[in-house]
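This report concerns only the one structure given below.
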Amino acid sequence: MNIGILTAGGDSPGLNAAIRGIGKAAIRSHDMSVVGFRDGFRGLMQNRHIRLDSDDLSGILTAGGTILGTSRDKPSRMNVGGREMDMTGIMIETYEAHHLDALVCLGGGGTQKNALHLAQAGMRIVTLPKTIDNDVAGTDITIGFDTAMDIATEAIDRLHSTAHSHHRIIVVEVMGHNAGWLALGAGLAGGADVILIPEVPYHMDAIAESILARQAAGSRFSIVAVSEGAITADHAADRDRLKEIRKTGDDEGERATAKQGLQDLKIETADATHSLAAQLEERTRLEARVTILGHVQRGGTPSPLDRLLATRLGTAAADFVAAGRHGIMVANSGDEAVAVPLEEVAGQRRTVPLDHPWVATARSLGVSLGD
Ligand code: F6P
C-alpha cells in the first residue's frame, strides 16, 4: 500500500512526532511506502514530494515545526498567479500518479474542511487534529495544545515576579482567535487574576473593579491573561447583530452593509489588548504593560504529552489506513484513538463551553472572567 502525508494550516509542536508515528507504523507494521508532500495542499497541487524512509523518520520526534513545511492554502480556492482557482482536479492527478491508498492530512479546523472537500472529490482521506488552539471538534485534545499551554504558563510565571516588583498590571495576550482554551488553561495554571476568552465577552468595569478589589486587599499587582480573540460585550453585541443581518437580512444592500460593518469591527478590535491595558490603566491608576506571546507559543520542542498524543494518533492513523478506513479524523477520546467521520468534524469548532469545569474552577478561585 502507498500512503501520503501532508501538514497544513498553522504549524504546532508535535507535527514531526505525528509524521514519524504514521510513517514508522506504516513501514514497520504494514509494509507500506510513504511519501510526504511539501507545504500543505500547495505541494500536493505541485507534486512537490519526498519519499519518507525509516531513516528520514529518525531523529525528528523532538523537533519543533514540520519537516514537510506547511501553508494555509485551500484546494478549492488556491492563489495561482494572483488568481483564486479551484485546483482540486490537479491534486487528484497527483494523488493518482502516486497510486495512493490514502492521504493523511494533519491540520486544524480549516484543514478538516479542506480534507472533507478532497474526500468528497474521491480521495481516500484520513486526518489528524493539530492546533495549539485546541478547537477541533470531535476530539478531546489536539496535537500542540499541551506544549503551547506550557509555554504560555511559563511566560505567566515569569511575568508574575516583574508585575509584583513594579506593582503593575501585566496584560499577557495568548493565541486563540475563536477559542479560549489556551488562555484559560495557561491562565489557571499560571495563577492569572483575570482571564478573558472569546466565549465570555468582557466588561471593562468588571475587570477594573476586580483589580481594585485586589489592591484594596493588599495585592498591588495583577496578571490579566487574554485570548487574542477576546472582545468587549459591546463589540460582541454589535458582531452578533451584524452577523444576523448578514445571514437573514431582507435585501442585498443591507447584507452588504452588515458585511462591511463586520470588517470594520475586525479592524477596530484588532488591537483590543493594547486598548484593554490603556483603559485599565486609566480606571485603576495602576501602571499597565502588555506582553504579546504570539508565535513563540507555536515553536520549539513538543512536550512529552504532545509527543505521546502525536505518536498514538499517528500510529493509529496508519492502522486505520491498513484496515481500509477513510473519510475519518483520528481523534483522541480518553486513552483511545477513535475514528470520527469527517462530516461530523468539518465546519464545526470546539469552543470552551460556559459550564466547563475549567470555567467553574476559575470562578471558584475568584478569578475575574470580565463578565
Ligand atoms: O491556528 C492556530 C493559530 O496559532 C492561532 O492561534 C492564531 O490566531 C493563528 O494561528 C496565527 O496564524 P498565522 O501563523 O497565520 O499568523
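Just so we're on the same page: first chain in the C-alpha cells is A, next is B, and so on; residues restart at 1 for each chain, and ligands are numbered from 1 in the order they show up.
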
Between chain A and ligand 1, at 10 Å or less, what are the per-residue closest atom pairs and their distances in Å? Count only C-alpha atoms and all ligand atoms, order by chain and rising residue number, and return it as CSV.
```
residue,atom,partner,partner_atom_place_in_ligand_line,distance
A:Gly9,CA,ligand 1,1 (O),6.7
A:Gly10,CA,ligand 1,1 (O),4.9
A:Asp11,CA,ligand 1,4 (O),7.4
A:Ser12,CA,ligand 1,4 (O),7.6
A:Ser71,CA,ligand 1,15 (O),8.6
A:Arg72,CA,ligand 1,15 (O),7.4
A:Gly107,CA,ligand 1,1 (O),9.0
A:Gly108,CA,ligand 1,1 (O),6.8
A:Gly109,CA,ligand 1,1 (O),8.3
A:Gly110,CA,ligand 1,1 (O),8.7
A:Lys130,CA,ligand 1,2 (C),9.0
A:Thr131,CA,ligand 1,2 (C),5.5
A:Ile132,CA,ligand 1,2 (C),5.8
A:Asp133,CA,ligand 1,6 (O),5.3
A:Asn134,CA,ligand 1,2 (C),8.8
A:Asp135,CA,ligand 1,1 (O),9.1
A:Gly144,CA,ligand 1,2 (C),9.7
A:Phe145,CA,ligand 1,2 (C),9.8
A:Ala148,CA,ligand 1,4 (O),9.4
A:Val174,CA,ligand 1,6 (O),8.0
A:Met175,CA,ligand 1,6 (O),4.2
A:Gly176,CA,ligand 1,6 (O),4.0
A:His177,CA,ligand 1,8 (O),5.0
A:Asn178,CA,ligand 1,8 (O),8.1
A:Ala179,CA,ligand 1,6 (O),8.6
A:Gly180,CA,ligand 1,6 (O),9.6
A:Leu182,CA,ligand 1,6 (O),8.7
A:Ser227,CA,ligand 1,6 (O),8.9
A:Glu228,CA,ligand 1,8 (O),7.1
A:Gly229,CA,ligand 1,8 (O),8.0
A:Gly294,CA,ligand 1,7 (C),7.9
A:His295,CA,ligand 1,4 (O),6.9
A:Val296,CA,ligand 1,4 (O),9.7
A:Gln297,CA,ligand 1,4 (O),7.8
A:Arg298,CA,ligand 1,4 (O),6.6
```

Do you know which residues are at most 10 Å from Thr147 (chain A) counting only C-alpha atoms, after dropping those on the same chain fewer than 4 positions away, and could you put them as a count of residues only? 19

With distances taken over only C-alpha atoms, which residue among A:Asp238, A:Leu276, A:Ser222, A:Asp319 lies nearest Val367 (chain A)?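 Smallest separation from Val367 (chain A) among the options: A:Ser222.
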
My list of candidates is A:Leu262, A:Val359, A:Ala272, A:Ala155. Which is closest to Gly185 (chain A) when distances are computed with only C-alpha atoms? A:Val359

Please provide as a list in words all residues within 12 Å of Gly347 (chain A), with the sequence filter that same-chain residues fewer than 6 positions apart are discarded (counting only C-alpha atoms). Gly108, Gly109, Gly110, Thr111, Gln112, Lys113, Asn114, Ala115, Leu116, His117, Asp135, Val136, Ala137 and Gly138 of chain A

Report as a ChimeraX atom specification: the residues of region 1-228 of chain A with a DSSP assignment of alpha helix (DSSP H), based on the backbone of this structure. /A:15-24,41-46,88-97,109-120,145-166,181-189,204-216

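Of the listed residues A:Thr66, A:Thr127, A:Leu293, A:Ile169, the one whose atoms come nearest to Val340 (chain A) is A:Thr127, with distances taken using only C-alpha atoms.
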
For region 205-215 of chain A, find every residue with an atom within 10 Å (counting only C-alpha atoms), except residues of its own chain fewer than 2 positions away, and show them as JSON, numbers by chain. {"A": [167, 169, 193, 194, 195, 196, 202, 203, 217, 218, 219, 220, 221, 222, 223, 224, 276, 279, 280, 281, 282, 283, 284, 285, 286, 366, 367, 368, 369, 370, 371]}

Output the selection as a compact mmCIF listing (two decimals), in the first residue's frame - N, CA and C atoms for each residue.
```txt
# COMPACT_ATOMS: atom_id res chain seq x y z
N HIS A 167 4.53 46.66 40.97
CA HIS A 167 3.12 46.92 41.32
C HIS A 167 2.33 47.31 40.07
N ILE A 169 -0.07 46.20 36.46
CA ILE A 169 -0.96 45.24 35.79
C ILE A 169 -0.17 44.76 34.58
N ASP A 193 -5.00 36.54 37.47
CA ASP A 193 -6.07 37.10 38.30
C ASP A 193 -7.32 37.40 37.48
N VAL A 194 -7.10 37.66 36.20
CA VAL A 194 -8.21 37.91 35.27
C VAL A 194 -7.93 37.05 34.04
N ILE A 195 -8.96 36.36 33.54
CA ILE A 195 -8.79 35.57 32.32
C ILE A 195 -9.92 35.94 31.36
N LEU A 196 -9.53 36.41 30.18
CA LEU A 196 -10.53 36.86 29.21
C LEU A 196 -10.48 35.98 27.97
N TYR A 202 -16.28 40.62 27.57
CA TYR A 202 -15.97 41.25 28.86
C TYR A 202 -16.47 42.69 28.99
N HIS A 203 -16.58 43.11 30.25
CA HIS A 203 -16.95 44.49 30.59
C HIS A 203 -15.75 45.11 31.28
N ALA A 217 -7.31 44.68 48.96
CA ALA A 217 -6.99 43.55 49.85
C ALA A 217 -5.48 43.38 50.02
N GLY A 218 -4.69 44.28 49.42
CA GLY A 218 -3.24 44.26 49.64
C GLY A 218 -2.39 43.73 48.49
N SER A 219 -3.03 43.29 47.39
CA SER A 219 -2.23 42.82 46.24
C SER A 219 -2.09 43.97 45.25
N ARG A 220 -0.88 44.47 45.11
CA ARG A 220 -0.71 45.68 44.30
C ARG A 220 -0.30 45.38 42.87
N PHE A 221 -0.49 44.15 42.45
CA PHE A 221 -0.22 43.82 41.04
C PHE A 221 -1.32 42.88 40.55
N SER A 222 -1.48 42.79 39.24
CA SER A 222 -2.46 41.83 38.69
C SER A 222 -1.97 41.31 37.36
N ILE A 223 -2.25 40.05 37.10
CA ILE A 223 -1.94 39.45 35.80
C ILE A 223 -3.26 39.20 35.07
N VAL A 224 -3.36 39.75 33.87
CA VAL A 224 -4.55 39.55 33.04
C VAL A 224 -4.14 38.68 31.85
N LEU A 276 -7.26 47.51 25.92
CA LEU A 276 -7.65 47.00 27.24
C LEU A 276 -6.68 47.50 28.31
N GLN A 279 -7.10 51.25 28.96
CA GLN A 279 -8.33 51.58 29.72
C GLN A 279 -8.22 51.13 31.18
N LEU A 280 -7.54 50.02 31.41
CA LEU A 280 -7.37 49.57 32.80
C LEU A 280 -6.47 50.54 33.57
N GLU A 281 -5.46 51.03 32.87
CA GLU A 281 -4.54 51.99 33.49
C GLU A 281 -5.34 53.23 33.93
N GLU A 282 -6.18 53.69 33.01
CA GLU A 282 -6.98 54.89 33.28
C GLU A 282 -7.93 54.66 34.46
N ARG A 283 -8.58 53.50 34.47
CA ARG A 283 -9.59 53.25 35.50
C ARG A 283 -9.01 52.89 36.87
N THR A 284 -7.83 52.29 36.89
CA THR A 284 -7.30 51.84 38.19
C THR A 284 -6.17 52.73 38.71
N ARG A 285 -5.64 53.56 37.80
CA ARG A 285 -4.48 54.41 38.14
C ARG A 285 -3.25 53.56 38.47
N LEU A 286 -3.26 52.33 38.00
CA LEU A 286 -2.06 51.49 38.14
C LEU A 286 -1.37 51.46 36.78
N GLY A 366 -12.18 32.87 42.38
CA GLY A 366 -12.37 34.33 42.40
C GLY A 366 -11.65 35.01 41.25
N VAL A 367 -11.26 34.22 40.23
CA VAL A 367 -10.63 34.83 39.05
C VAL A 367 -11.72 35.55 38.28
N SER A 368 -11.45 36.80 37.87
CA SER A 368 -12.44 37.53 37.10
C SER A 368 -12.39 37.07 35.64
N LEU A 369 -13.58 36.78 35.08
CA LEU A 369 -13.66 36.46 33.65
C LEU A 369 -14.17 37.68 32.88
N GLY A 370 -14.31 38.78 33.60
CA GLY A 370 -14.69 40.04 32.95
C GLY A 370 -16.18 40.17 32.69
N ASP A 371 -16.97 39.19 33.16
CA ASP A 371 -18.42 39.29 32.89
C ASP A 371 -19.18 39.72 34.14
```

Given only C-alpha atoms as the basis, pick out the residue of A:Thr311, A:Thr248, A:Ser275, A:Asn2 nearest to Arg20 (chain A).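 Residue with the minimum atom-to-atom distance to Arg20 (chain A): A:Thr311.
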
From the DSSP assignment of the backbone, select every residue of region 11-191 of chain A that is strand (DSSP E or B), and format the answer as a count of residues only. 34
